[in-house]
$ cat work-v6.csv   # CSV, N, CA, C and O atoms
chain,number,residue,atom,x,y,z
A,284,MET,N,76.2,85.7,95.6
A,284,MET,CA,77.7,85.9,96.0
A,284,MET,C,77.9,87.4,96.1
A,284,MET,O,77.6,88.2,95.3
A,285,GLN,N,78.5,87.7,97.2
A,285,GLN,CA,78.7,89.2,97.6
A,285,GLN,C,79.8,89.8,96.7
A,285,GLN,O,79.7,91.0,96.3
A,286,PHE,N,80.8,89.1,96.3
A,286,PHE,CA,81.9,89.6,95.5
A,286,PHE,C,82.1,88.7,94.3
A,286,PHE,O,83.0,87.9,94.2
A,287,PRO,N,81.2,88.8,93.3
A,287,PRO,CA,81.2,87.8,92.2
A,287,PRO,C,82.5,87.9,91.2
A,287,PRO,O,82.7,87.0,90.5
A,288,LYS,N,83.2,89.0,91.3
A,288,LYS,CA,84.3,89.2,90.4
A,288,LYS,C,85.7,88.8,91.0
A,288,LYS,O,86.7,89.1,90.4
A,289,ILE,N,85.7,88.2,92.2
A,289,ILE,CA,86.9,87.7,92.8
A,289,ILE,C,87.6,86.7,91.8
A,289,ILE,O,87.0,85.7,91.5
A,290,PRO,N,88.8,87.0,91.4
A,290,PRO,CA,89.6,86.0,90.5
A,290,PRO,C,89.8,84.8,91.4
A,290,PRO,O,90.3,84.8,92.5
A,291,HIS,N,89.5,83.6,90.8
A,291,HIS,CA,89.7,82.4,91.5
A,291,HIS,C,89.9,81.2,90.5
A,291,HIS,O,89.6,81.4,89.3
A,292,TYR,N,90.3,80.1,91.0
A,292,TYR,CA,90.3,78.9,90.2
A,292,TYR,C,90.1,77.7,91.1
A,292,TYR,O,90.4,77.8,92.3
A,293,ILE,N,89.6,76.6,90.5
A,293,ILE,CA,89.4,75.4,91.3
A,293,ILE,C,90.6,74.5,91.1
A,293,ILE,O,91.2,74.4,90.1
A,294,TYR,N,91.0,73.9,92.2
A,294,TYR,CA,92.1,73.0,92.2
A,294,TYR,C,91.8,71.8,93.1
A,294,TYR,O,90.6,71.7,93.5
A,295,LEU,N,92.7,71.0,93.4
A,295,LEU,CA,92.5,69.7,94.2
A,295,LEU,C,91.2,69.6,94.9
A,295,LEU,O,90.8,70.4,95.7
A,296,ASN,N,90.5,68.5,94.6
A,296,ASN,CA,89.2,68.2,95.3
A,296,ASN,C,88.2,69.3,95.3
A,296,ASN,O,87.5,69.5,96.3
A,297,ASN,N,88.1,70.1,94.3
A,297,ASN,CA,87.2,71.2,94.1
A,297,ASN,C,87.4,72.3,95.1
A,297,ASN,O,86.4,73.0,95.4
A,298,LEU,N,88.5,72.4,95.7
A,298,LEU,CA,88.8,73.6,96.5
A,298,LEU,C,89.0,74.8,95.7
A,298,LEU,O,89.4,74.7,94.5
A,299,ILE,N,88.8,76.0,96.2
A,299,ILE,CA,88.9,77.2,95.4
A,299,ILE,C,90.1,78.0,95.9
A,299,ILE,O,90.2,78.2,97.1
A,300,LYS,N,91.0,78.4,95.0
A,300,LYS,CA,92.1,79.3,95.3
A,300,LYS,C,91.7,80.7,94.8
A,300,LYS,O,91.3,80.9,93.7
A,301,ILE,N,91.9,81.6,95.7
A,301,ILE,CA,91.6,83.0,95.4
A,301,ILE,C,92.8,83.9,95.4
A,301,ILE,O,93.8,83.7,96.2
A,302,SER,N,92.8,84.9,94.6
A,302,SER,CA,94.0,85.8,94.4
A,302,SER,C,94.1,86.7,95.6
A,302,SER,O,93.3,87.6,95.8
A,303,ALA,N,95.2,86.5,96.4
A,303,ALA,CA,95.4,87.3,97.6
A,303,ALA,C,95.8,88.8,97.1
A,303,ALA,O,95.4,89.7,97.8
A,304,GLY,N,96.5,88.9,96.0
A,304,GLY,CA,96.8,90.2,95.5
A,304,GLY,C,95.6,91.0,95.2
A,304,GLY,O,95.5,92.2,95.5
A,305,TRP,N,94.6,90.4,94.6
A,305,TRP,CA,93.4,91.1,94.3
A,305,TRP,C,92.6,91.5,95.6
A,305,TRP,O,92.2,92.7,95.6
A,306,LEU,N,92.6,90.7,96.6
A,306,LEU,CA,92.0,91.0,97.8
A,306,LEU,C,92.6,92.2,98.5
A,306,LEU,O,92.0,93.1,98.9
A,307,ILE,N,94.0,92.2,98.5
A,307,ILE,CA,94.7,93.3,99.1
A,307,ILE,C,94.5,94.6,98.4
A,307,ILE,O,94.3,95.6,98.9
A,308,GLU,N,94.5,94.5,97.0
A,308,GLU,CA,94.3,95.7,96.2
A,308,GLU,C,92.9,96.2,96.4
A,308,GLU,O,92.8,97.5,96.5
A,309,LYS,N,91.9,95.4,96.5
A,309,LYS,CA,90.5,95.9,96.7
A,309,LYS,C,90.3,96.5,98.1
A,309,LYS,O,89.3,97.2,98.3
A,310,CYS,N,91.2,96.3,99.0
A,310,CYS,CA,91.2,96.9,100.3
A,310,CYS,C,92.0,98.2,100.3
A,310,CYS,O,92.2,98.9,101.3
A,311,ASN,N,92.4,98.6,99.1
A,311,ASN,CA,93.2,99.9,98.9
A,311,ASN,C,94.4,100.0,99.7
A,311,ASN,O,94.7,101.0,100.3
A,312,LEU,N,95.2,98.9,99.8
A,312,LEU,CA,96.4,98.8,100.7
A,312,LEU,C,97.7,99.1,99.9
A,312,LEU,O,98.7,99.2,100.6
A,313,LYS,N,97.7,99.2,98.6
A,313,LYS,CA,98.9,99.5,97.9
A,313,LYS,C,99.5,100.8,98.5
A,313,LYS,O,98.8,101.8,98.6
A,314,GLY,N,100.8,100.7,98.9
A,314,GLY,CA,101.5,101.9,99.4
A,314,GLY,C,101.3,102.1,100.9
A,314,GLY,O,101.9,102.9,101.5
A,315,PHE,N,100.4,101.3,101.5
A,315,PHE,CA,100.2,101.4,103.0
A,315,PHE,C,101.5,101.0,103.7
A,315,PHE,O,102.2,100.1,103.3
A,316,SER,N,101.8,101.7,104.8
A,316,SER,CA,103.1,101.5,105.5
A,316,SER,C,102.8,101.4,107.0
A,316,SER,O,101.9,102.0,107.6
A,317,ILE,N,103.7,100.6,107.6
A,317,ILE,CA,103.8,100.6,109.1
A,317,ILE,C,105.3,100.6,109.4
A,317,ILE,O,106.1,99.8,108.9
A,318,GLY,N,105.7,101.6,110.1
A,318,GLY,CA,107.2,101.8,110.3
A,318,GLY,C,107.9,101.9,109.0
A,318,GLY,O,107.5,102.7,108.1
A,319,GLY,N,108.9,101.1,108.8
A,319,GLY,CA,109.7,101.2,107.5
A,319,GLY,C,109.2,100.2,106.5
A,319,GLY,O,109.8,100.1,105.4
A,320,ALA,N,108.2,99.5,106.8
A,320,ALA,CA,107.7,98.4,105.8
A,320,ALA,C,106.4,99.0,105.1
A,320,ALA,O,105.6,99.6,105.7
A,321,SER,N,106.4,98.7,103.8
A,321,SER,CA,105.2,99.1,103.0
A,321,SER,C,104.8,98.0,102.0
A,321,SER,O,105.6,97.1,101.7
A,322,ILE,N,103.5,98.1,101.6
A,322,ILE,CA,103.0,97.3,100.5
A,322,ILE,C,103.4,98.0,99.2
A,322,ILE,O,103.1,99.2,99.1
A,323,TYR,N,104.1,97.3,98.4
A,323,TYR,CA,104.6,97.9,97.1
A,323,TYR,C,103.4,98.5,96.3
A,323,TYR,O,102.4,97.9,96.2
A,324,ASN,N,103.6,99.7,95.8
A,324,ASN,CA,102.5,100.4,95.2
A,324,ASN,C,102.2,99.9,93.8
A,324,ASN,O,101.2,100.3,93.2
A,325,LYS,N,103.1,99.0,93.2
A,325,LYS,CA,102.8,98.5,91.9
A,325,LYS,C,102.4,97.0,92.0
A,325,LYS,O,102.0,96.5,91.0
A,326,GLN,N,102.5,96.3,93.1
A,326,GLN,CA,102.2,94.9,93.2
A,326,GLN,C,101.8,94.6,94.7
A,326,GLN,O,102.7,94.6,95.6
A,327,ALA,N,100.5,94.4,94.9
A,327,ALA,CA,100.0,94.3,96.3
A,327,ALA,C,100.5,93.1,97.0
A,327,ALA,O,100.4,93.1,98.3
A,328,LEU,N,101.1,92.1,96.4
A,328,LEU,CA,101.7,90.9,97.1
A,328,LEU,C,103.1,91.1,97.6
A,328,LEU,O,103.6,90.3,98.3
A,329,VAL,N,103.6,92.3,97.4
A,329,VAL,CA,105.0,92.5,97.7
A,329,VAL,C,105.1,93.5,98.9
A,329,VAL,O,104.6,94.6,98.8
A,330,ILE,N,105.8,93.1,100.0
A,330,ILE,CA,106.1,94.0,101.1
A,330,ILE,C,107.6,94.5,100.9
A,330,ILE,O,108.5,93.6,100.7
A,331,ILE,N,107.8,95.8,101.0
A,331,ILE,CA,109.1,96.3,100.8
A,331,ILE,C,109.6,97.0,102.0
A,331,ILE,O,108.9,97.5,102.8
A,332,ASN,N,110.9,97.1,102.1
A,332,ASN,CA,111.6,97.8,103.2
A,332,ASN,C,112.0,99.1,102.6
A,332,ASN,O,113.0,99.3,101.9
A,333,HIS,N,111.2,100.2,102.9
A,333,HIS,CA,111.5,101.5,102.3
A,333,HIS,C,112.2,102.4,103.2
A,333,HIS,O,112.7,103.5,102.8
A,334,ASN,N,112.3,102.0,104.5
A,334,ASN,CA,113.0,103.0,105.5
A,334,ASN,C,113.4,102.2,106.7
A,334,ASN,O,112.9,102.4,107.8
A,335,ASN,N,114.4,101.3,106.5
A,335,ASN,CA,115.0,100.6,107.6
A,335,ASN,C,114.0,99.8,108.5
A,335,ASN,O,114.0,99.9,109.7
A,336,ALA,N,113.1,99.1,107.8
A,336,ALA,CA,112.0,98.4,108.5
A,336,ALA,C,112.7,97.3,109.5
A,336,ALA,O,113.7,96.7,109.2
A,337,THR,N,112.1,97.2,110.6
A,337,THR,CA,112.4,96.1,111.5
A,337,THR,C,111.6,94.9,111.2
A,337,THR,O,110.6,95.0,110.5
A,338,SER,N,112.0,93.8,111.8
A,338,SER,CA,111.2,92.6,111.6
A,338,SER,C,109.8,92.8,112.2
A,338,SER,O,108.8,92.3,111.7
A,339,GLN,N,109.7,93.5,113.3
A,339,GLN,CA,108.4,93.8,113.9
A,339,GLN,C,107.6,94.7,113.0
A,339,GLN,O,106.3,94.5,113.0
A,340,ASP,N,108.2,95.6,112.3
A,340,ASP,CA,107.4,96.4,111.3
A,340,ASP,C,106.7,95.5,110.3
A,340,ASP,O,105.6,95.7,109.9
A,341,ILE,N,107.5,94.6,109.8
A,341,ILE,CA,107.0,93.6,108.7
A,341,ILE,C,105.9,92.8,109.3
A,341,ILE,O,104.9,92.6,108.7
A,342,ILE,N,106.1,92.2,110.5
A,342,ILE,CA,105.1,91.4,111.1
A,342,ILE,C,103.8,92.2,111.4
A,342,ILE,O,102.7,91.8,111.1
A,343,ASN,N,104.0,93.5,111.9
A,343,ASN,CA,102.8,94.3,112.1
A,343,ASN,C,102.0,94.6,110.8
A,343,ASN,O,100.8,94.7,110.8
A,344,LEU,N,102.8,94.9,109.8
A,344,LEU,CA,102.1,95.1,108.5
A,344,LEU,C,101.4,93.9,108.0
A,344,LEU,O,100.3,94.0,107.5
A,345,ALA,N,102.0,92.7,108.1
A,345,ALA,CA,101.3,91.5,107.7
A,345,ALA,C,100.1,91.3,108.5
A,345,ALA,O,99.1,90.8,108.0
A,346,LYS,N,100.1,91.5,109.8
A,346,LYS,CA,98.9,91.4,110.7
A,346,LYS,C,97.8,92.3,110.2
A,346,LYS,O,96.7,91.9,110.1
A,347,ARG,N,98.2,93.6,109.9
A,347,ARG,CA,97.2,94.5,109.5
A,347,ARG,C,96.6,94.1,108.1
A,347,ARG,O,95.4,94.2,108.0
A,348,ILE,N,97.4,93.7,107.2
A,348,ILE,CA,96.9,93.2,105.9
A,348,ILE,C,95.9,92.1,106.1
A,348,ILE,O,94.8,92.1,105.6
A,349,ARG,N,96.3,91.1,106.9
A,349,ARG,CA,95.4,89.9,107.2
A,349,ARG,C,94.1,90.3,107.8
A,349,ARG,O,93.0,89.9,107.4
A,350,ASN,N,94.2,91.2,108.8
A,350,ASN,CA,92.9,91.7,109.5
A,350,ASN,C,92.0,92.5,108.6
A,350,ASN,O,90.8,92.3,108.6
A,351,ILE,N,92.6,93.4,107.8
A,351,ILE,CA,91.7,94.2,106.9
A,351,ILE,C,91.1,93.3,105.8
A,351,ILE,O,89.9,93.5,105.6
A,352,VAL,N,91.8,92.5,105.2
A,352,VAL,CA,91.3,91.6,104.2
A,352,VAL,C,90.3,90.6,104.9
A,352,VAL,O,89.1,90.4,104.3
A,353,GLY,N,90.6,90.1,106.0
A,353,GLY,CA,89.7,89.2,106.7
A,353,GLY,C,88.4,89.8,107.1
A,353,GLY,O,87.3,89.2,106.9
A,354,ASN,N,88.4,91.0,107.6
A,354,ASN,CA,87.2,91.7,108.0
A,354,ASN,C,86.4,92.1,106.8
A,354,ASN,O,85.1,92.2,106.9
A,355,LYS,N,87.0,92.4,105.7
A,355,LYS,CA,86.2,92.8,104.5
A,355,LYS,C,85.6,91.6,103.8
A,355,LYS,O,84.4,91.7,103.4
A,356,PHE,N,86.4,90.6,103.6
A,356,PHE,CA,86.0,89.5,102.7
A,356,PHE,C,85.7,88.2,103.5
A,356,PHE,O,85.2,87.2,102.9
A,357,ASN,N,86.0,88.2,104.8
A,357,ASN,CA,85.9,86.9,105.6
A,357,ASN,C,86.8,85.8,105.0
A,357,ASN,O,86.4,84.7,105.0
A,358,ILE,N,87.9,86.2,104.5
A,358,ILE,CA,88.9,85.3,104.0
A,358,ILE,C,90.2,85.7,104.7
A,358,ILE,O,90.6,86.8,104.6
A,359,TRP,N,90.8,84.7,105.4
A,359,TRP,CA,91.9,85.0,106.2
A,359,TRP,C,93.2,84.5,105.5
A,359,TRP,O,93.4,83.3,105.4
A,360,LEU,N,94.0,85.4,105.1
A,360,LEU,CA,95.2,85.1,104.4
A,360,LEU,C,96.2,84.3,105.2
A,360,LEU,O,96.3,84.5,106.4
A,361,GLU,N,96.9,83.4,104.6
A,361,GLU,CA,98.0,82.6,105.2
A,361,GLU,C,99.3,82.9,104.6
A,361,GLU,O,99.4,82.9,103.4
A,362,PRO,N,100.3,83.2,105.4
A,362,PRO,CA,101.6,83.6,104.7
A,362,PRO,C,102.2,82.4,104.0
A,362,PRO,O,102.1,81.2,104.5
A,363,GLU,N,102.9,82.7,102.9
A,363,GLU,CA,103.7,81.6,102.2
A,363,GLU,C,105.1,81.6,102.6
A,363,GLU,O,105.8,80.6,102.4
A,364,VAL,N,105.6,82.7,103.2
A,364,VAL,CA,107.0,82.8,103.7
A,364,VAL,C,107.1,82.0,104.9
A,364,VAL,O,106.2,81.7,105.7
A,365,ARG,N,108.4,81.7,105.2
A,365,ARG,CA,108.7,80.9,106.5
A,365,ARG,C,109.1,82.0,107.5
A,365,ARG,O,109.9,82.9,107.2
A,366,PHE,N,108.7,81.8,108.7
A,366,PHE,CA,109.0,82.7,109.8
A,366,PHE,C,110.1,81.9,110.7
A,366,PHE,O,109.8,80.8,111.2
A,367,ILE,N,111.2,82.6,110.9
A,367,ILE,CA,112.3,82.0,111.6
A,367,ILE,C,112.6,82.9,112.8
A,367,ILE,O,112.8,84.1,112.7
A,368,GLN,N,112.5,82.3,114.0
A,368,GLN,CA,112.8,83.1,115.3
A,368,GLN,C,114.2,82.6,115.8
A,368,GLN,O,114.8,81.7,115.2
A,369,TYR,N,114.6,83.2,116.8
A,369,TYR,CA,115.9,82.9,117.4
A,369,TYR,C,116.1,81.4,117.7
A,369,TYR,O,117.2,80.8,117.6
A,370,ASP,N,115.0,80.7,118.0
A,370,ASP,CA,115.0,79.3,118.3
A,370,ASP,C,114.5,78.4,117.2
A,370,ASP,O,114.3,77.2,117.4
A,371,GLY,N,114.4,78.9,116.0
A,371,GLY,CA,114.0,78.1,114.8
A,371,GLY,C,112.7,78.6,114.2
A,371,GLY,O,112.2,79.6,114.5
A,372,GLU,N,112.2,77.7,113.3
A,372,GLU,CA,111.0,78.1,112.5
A,372,GLU,C,109.8,78.0,113.4
A,372,GLU,O,109.7,77.2,114.3
A,373,CYS,N,108.9,78.9,113.1
A,373,CYS,CA,107.6,79.0,113.9
A,373,CYS,C,106.5,79.1,112.9
A,373,CYS,O,106.7,79.3,111.7
A,374,CYS,N,105.3,79.0,113.4
A,374,CYS,CA,104.1,79.0,112.6
A,374,CYS,C,103.7,80.4,112.2
A,374,CYS,O,103.4,81.3,113.0
A,375,GLY,N,103.8,80.7,110.9
A,375,GLY,CA,103.5,82.1,110.4
A,375,GLY,C,102.1,82.6,110.7
A,375,GLY,O,101.9,83.7,111.0
A,376,ILE,N,101.1,81.7,110.6
A,376,ILE,CA,99.8,82.1,110.9
A,376,ILE,C,99.7,82.5,112.4
A,376,ILE,O,99.0,83.6,112.7
A,377,LYS,N,100.3,81.9,113.3
A,377,LYS,CA,100.3,82.3,114.7
A,377,LYS,C,101.0,83.6,114.9
A,377,LYS,O,100.6,84.5,115.7
A,378,VAL,N,102.1,83.9,114.1
A,378,VAL,CA,102.8,85.1,114.2
A,378,VAL,C,102.0,86.3,113.8
A,378,VAL,O,102.0,87.4,114.5
A,379,ILE,N,101.2,86.1,112.7
A,379,ILE,CA,100.4,87.3,112.2
A,379,ILE,C,99.0,87.3,112.6
A,379,ILE,O,98.2,88.1,112.2
A,380,SER,N,98.6,86.4,113.5
A,380,SER,CA,97.2,86.4,113.9
A,380,SER,C,97.0,87.2,115.2
A,380,SER,O,97.9,87.5,115.9
$ encode --input "work-v6.csv" --output "structure tokens"
Amino acid sequence: MQFPKIPHYIYLNNLIKISAGWLIEKCNLKGFSIGGASIYNKQALVIINHNNATSQDIINLAKRIRNIVGNKFNIWLEPEVRFIQYDGECCGIKVIS
């Protein structure tokens, strides 16, 4: 195993759930910003609006997080938040992929 200390637990049908916060933190992304959106420097799972972030800033930051974590660990994060566009809800994975 390349990263034996990844916090994880087993759930439904022996699937493994991994800590997204740990992955983001190990990529040294706390405090990382795009436009007015940042990853909170005290909690890697929190994106904050520190300077009038646009929705595109937040989407771009989420894309960057997903790509950096995916490239390092080959684990592709899926958003838990719902994405709503002018015409209704859309697939968050498509938005940040």
$ select_by_dssp --input "work-v6.csv" --residues "range 285-370 of chain A" --states "strand (DSSP E)" --output "list in words"
His291, Tyr292, Ile293, Tyr294, Leu298, Ile299, Lys300, Ile301, Ser316, Ile317, Ala320, Ser321, Ile322, Ile330, Ile331, Asn332, Phe366, Ile367 and Gln368 of chain A
$ closest_residue --input "work-v6.csv" --among "A:Ile342, A:Val329, A:Ala336, A:Ile301" --to "Gly314 in chain A" --atoms "all atoms listed in the file"
A:Val329
$ atom_distance --input "work-v6.csv" --atom1 "CA of Asn311 in chain A" --atom2 "CA of Ile348 in chain A"
10.4 Å
$ select_by_dssp --input "work-v6.csv" --residues "chain A" --states "alpha helix (DSSP H)" --output "PyMOL selection string"
chain A and resi 303-309+338-356+375-379
$ residues_around --input "work-v6.csv" --residues "Cys310 in chain A" --least-positions-apart "6" --cutoff "7 Å" --atoms "only N, CA, C and O atoms" --output "MDAnalysis selection string"
chainID A and resid 304 351:352
$ atom_distance --input "work-v6.csv" --atom1 "CA of Gly353 in chain A" --atom2 "CA of Gln368 in chain A"
25.4 Å
$ atom_distance --input "work-v6.csv" --atom1 "CA of Arg347 in chain A" --atom2 "CA of Ile317 in chain A"
9.0 Å
$ closest_residue --input "work-v6.csv" --among "A:Ala320, A:Ile289, A:Cys374, A:Ile367" --to "Asn343 in chain A" --atoms "only C-alpha atoms"
A:Ala320
$ closest_residue --input "work-v6.csv" --among "A:Tyr294, A:Tyr369, A:Phe315, A:Phe286" --to "Ala327 in chain A" --atoms "only C-alpha atoms"
A:Phe315
$ residues_near_point --input "work-v6.csv" --point "(92.9, 89.0, 103.9)" --cutoff "8 Å" --atoms "all atoms listed in the file" --output "list of chain:residue names"
A:Ala303, A:Leu306, A:Ile307, A:Ala345, A:Lys346, A:Arg347, A:Ile348, A:Arg349, A:Asn350, A:Ile351, A:Val352, A:Gly353, A:Asn354, A:Lys355, A:Phe356, A:Asn357, A:Ile358, A:Trp359, A:Leu360, A:Glu361
$ residues_around --input "work-v6.csv" --residues "Ser321 in chain A" --least-positions-apart "5" --cutoff "7 Å" --atoms "only N, CA, C and O atoms" --output "PyMOL selection string"
chain A and resi 312-316+329-334+340
$ decode --input "work-v6.csv" --residues "range 348-366 of chain A" --atoms "N, CA and C atoms" --output "mmCIF file, in the first residue's frame"
data_model
loop_
_atom_site.group_PDB
_atom_site.id
_atom_site.type_symbol
_atom_site.label_atom_id
_atom_site.label_comp_id
_atom_site.auth_asym_id
_atom_site.auth_seq_id
_atom_site.Cartn_x
_atom_site.Cartn_y
_atom_site.Cartn_z
ATOM 1 N N ILE A 348 -8.918 21.369 -6.402
ATOM 2 C CA ILE A 348 -8.795 20.421 -5.288
ATOM 3 C C ILE A 348 -8.934 18.995 -5.809
ATOM 4 N N ARG A 349 -9.979 18.764 -6.578
ATOM 5 C CA ARG A 349 -10.254 17.414 -7.101
ATOM 6 C C ARG A 349 -9.089 16.907 -7.950
ATOM 7 N N ASN A 350 -8.552 17.761 -8.810
ATOM 8 C CA ASN A 350 -7.453 17.354 -9.685
ATOM 9 C C ASN A 350 -6.162 17.091 -8.920
ATOM 10 N N ILE A 351 -5.832 17.939 -7.965
ATOM 11 C CA ILE A 351 -4.600 17.752 -7.196
ATOM 12 C C ILE A 351 -4.675 16.465 -6.376
ATOM 13 N N VAL A 352 -5.799 16.266 -5.673
ATOM 14 C CA VAL A 352 -5.969 15.040 -4.880
ATOM 15 C C VAL A 352 -5.986 13.821 -5.797
ATOM 16 N N GLY A 353 -6.712 13.897 -6.897
ATOM 17 C CA GLY A 353 -6.783 12.768 -7.824
ATOM 18 C C GLY A 353 -5.440 12.393 -8.403
ATOM 19 N N ASN A 354 -4.653 13.389 -8.785
ATOM 20 C CA ASN A 354 -3.346 13.110 -9.364
ATOM 21 C C ASN A 354 -2.367 12.540 -8.348
ATOM 22 N N LYS A 355 -2.474 12.964 -7.089
ATOM 23 C CA LYS A 355 -1.560 12.464 -6.063
ATOM 24 C C LYS A 355 -1.946 11.070 -5.574
ATOM 25 N N PHE A 356 -3.232 10.854 -5.308
ATOM 26 C CA PHE A 356 -3.677 9.616 -4.674
ATOM 27 C C PHE A 356 -4.453 8.678 -5.602
ATOM 28 N N ASN A 357 -4.788 9.140 -6.791
ATOM 29 C CA ASN A 357 -5.674 8.403 -7.706
ATOM 30 C C ASN A 357 -7.023 8.113 -7.041
ATOM 31 N N ILE A 358 -7.474 9.082 -6.258
ATOM 32 C CA ILE A 358 -8.789 9.048 -5.620
ATOM 33 C C ILE A 358 -9.483 10.329 -6.069
ATOM 34 N N TRP A 359 -10.631 10.201 -6.703
ATOM 35 C CA TRP A 359 -11.319 11.353 -7.281
ATOM 36 C C TRP A 359 -12.498 11.742 -6.405
ATOM 37 N N LEU A 360 -12.354 12.872 -5.727
ATOM 38 C CA LEU A 360 -13.380 13.333 -4.793
ATOM 39 C C LEU A 360 -14.685 13.649 -5.511
ATOM 40 N N GLU A 361 -15.780 13.388 -4.810
ATOM 41 C CA GLU A 361 -17.114 13.706 -5.310
ATOM 42 C C GLU A 361 -17.740 14.720 -4.369
ATOM 43 N N PRO A 362 -18.308 15.796 -4.903
ATOM 44 C CA PRO A 362 -18.892 16.817 -4.022
ATOM 45 C C PRO A 362 -20.133 16.305 -3.306
ATOM 46 N N GLU A 363 -20.288 16.734 -2.059
ATOM 47 C CA GLU A 363 -21.491 16.410 -1.302
ATOM 48 C C GLU A 363 -22.538 17.507 -1.426
ATOM 49 N N VAL A 364 -22.103 18.692 -1.805
ATOM 50 C CA VAL A 364 -23.050 19.799 -1.953
ATOM 51 C C VAL A 364 -23.839 19.635 -3.239
ATOM 52 N N ARG A 365 -24.966 20.294 -3.309
ATOM 53 C CA ARG A 365 -25.792 20.268 -4.512
ATOM 54 C C ARG A 365 -25.449 21.491 -5.362
ATOM 55 N N PHE A 366 -25.357 21.298 -6.654
ATOM 56 C CA PHE A 366 -25.080 22.385 -7.588
ATOM 57 C C PHE A 366 -26.381 22.776 -8.274
#
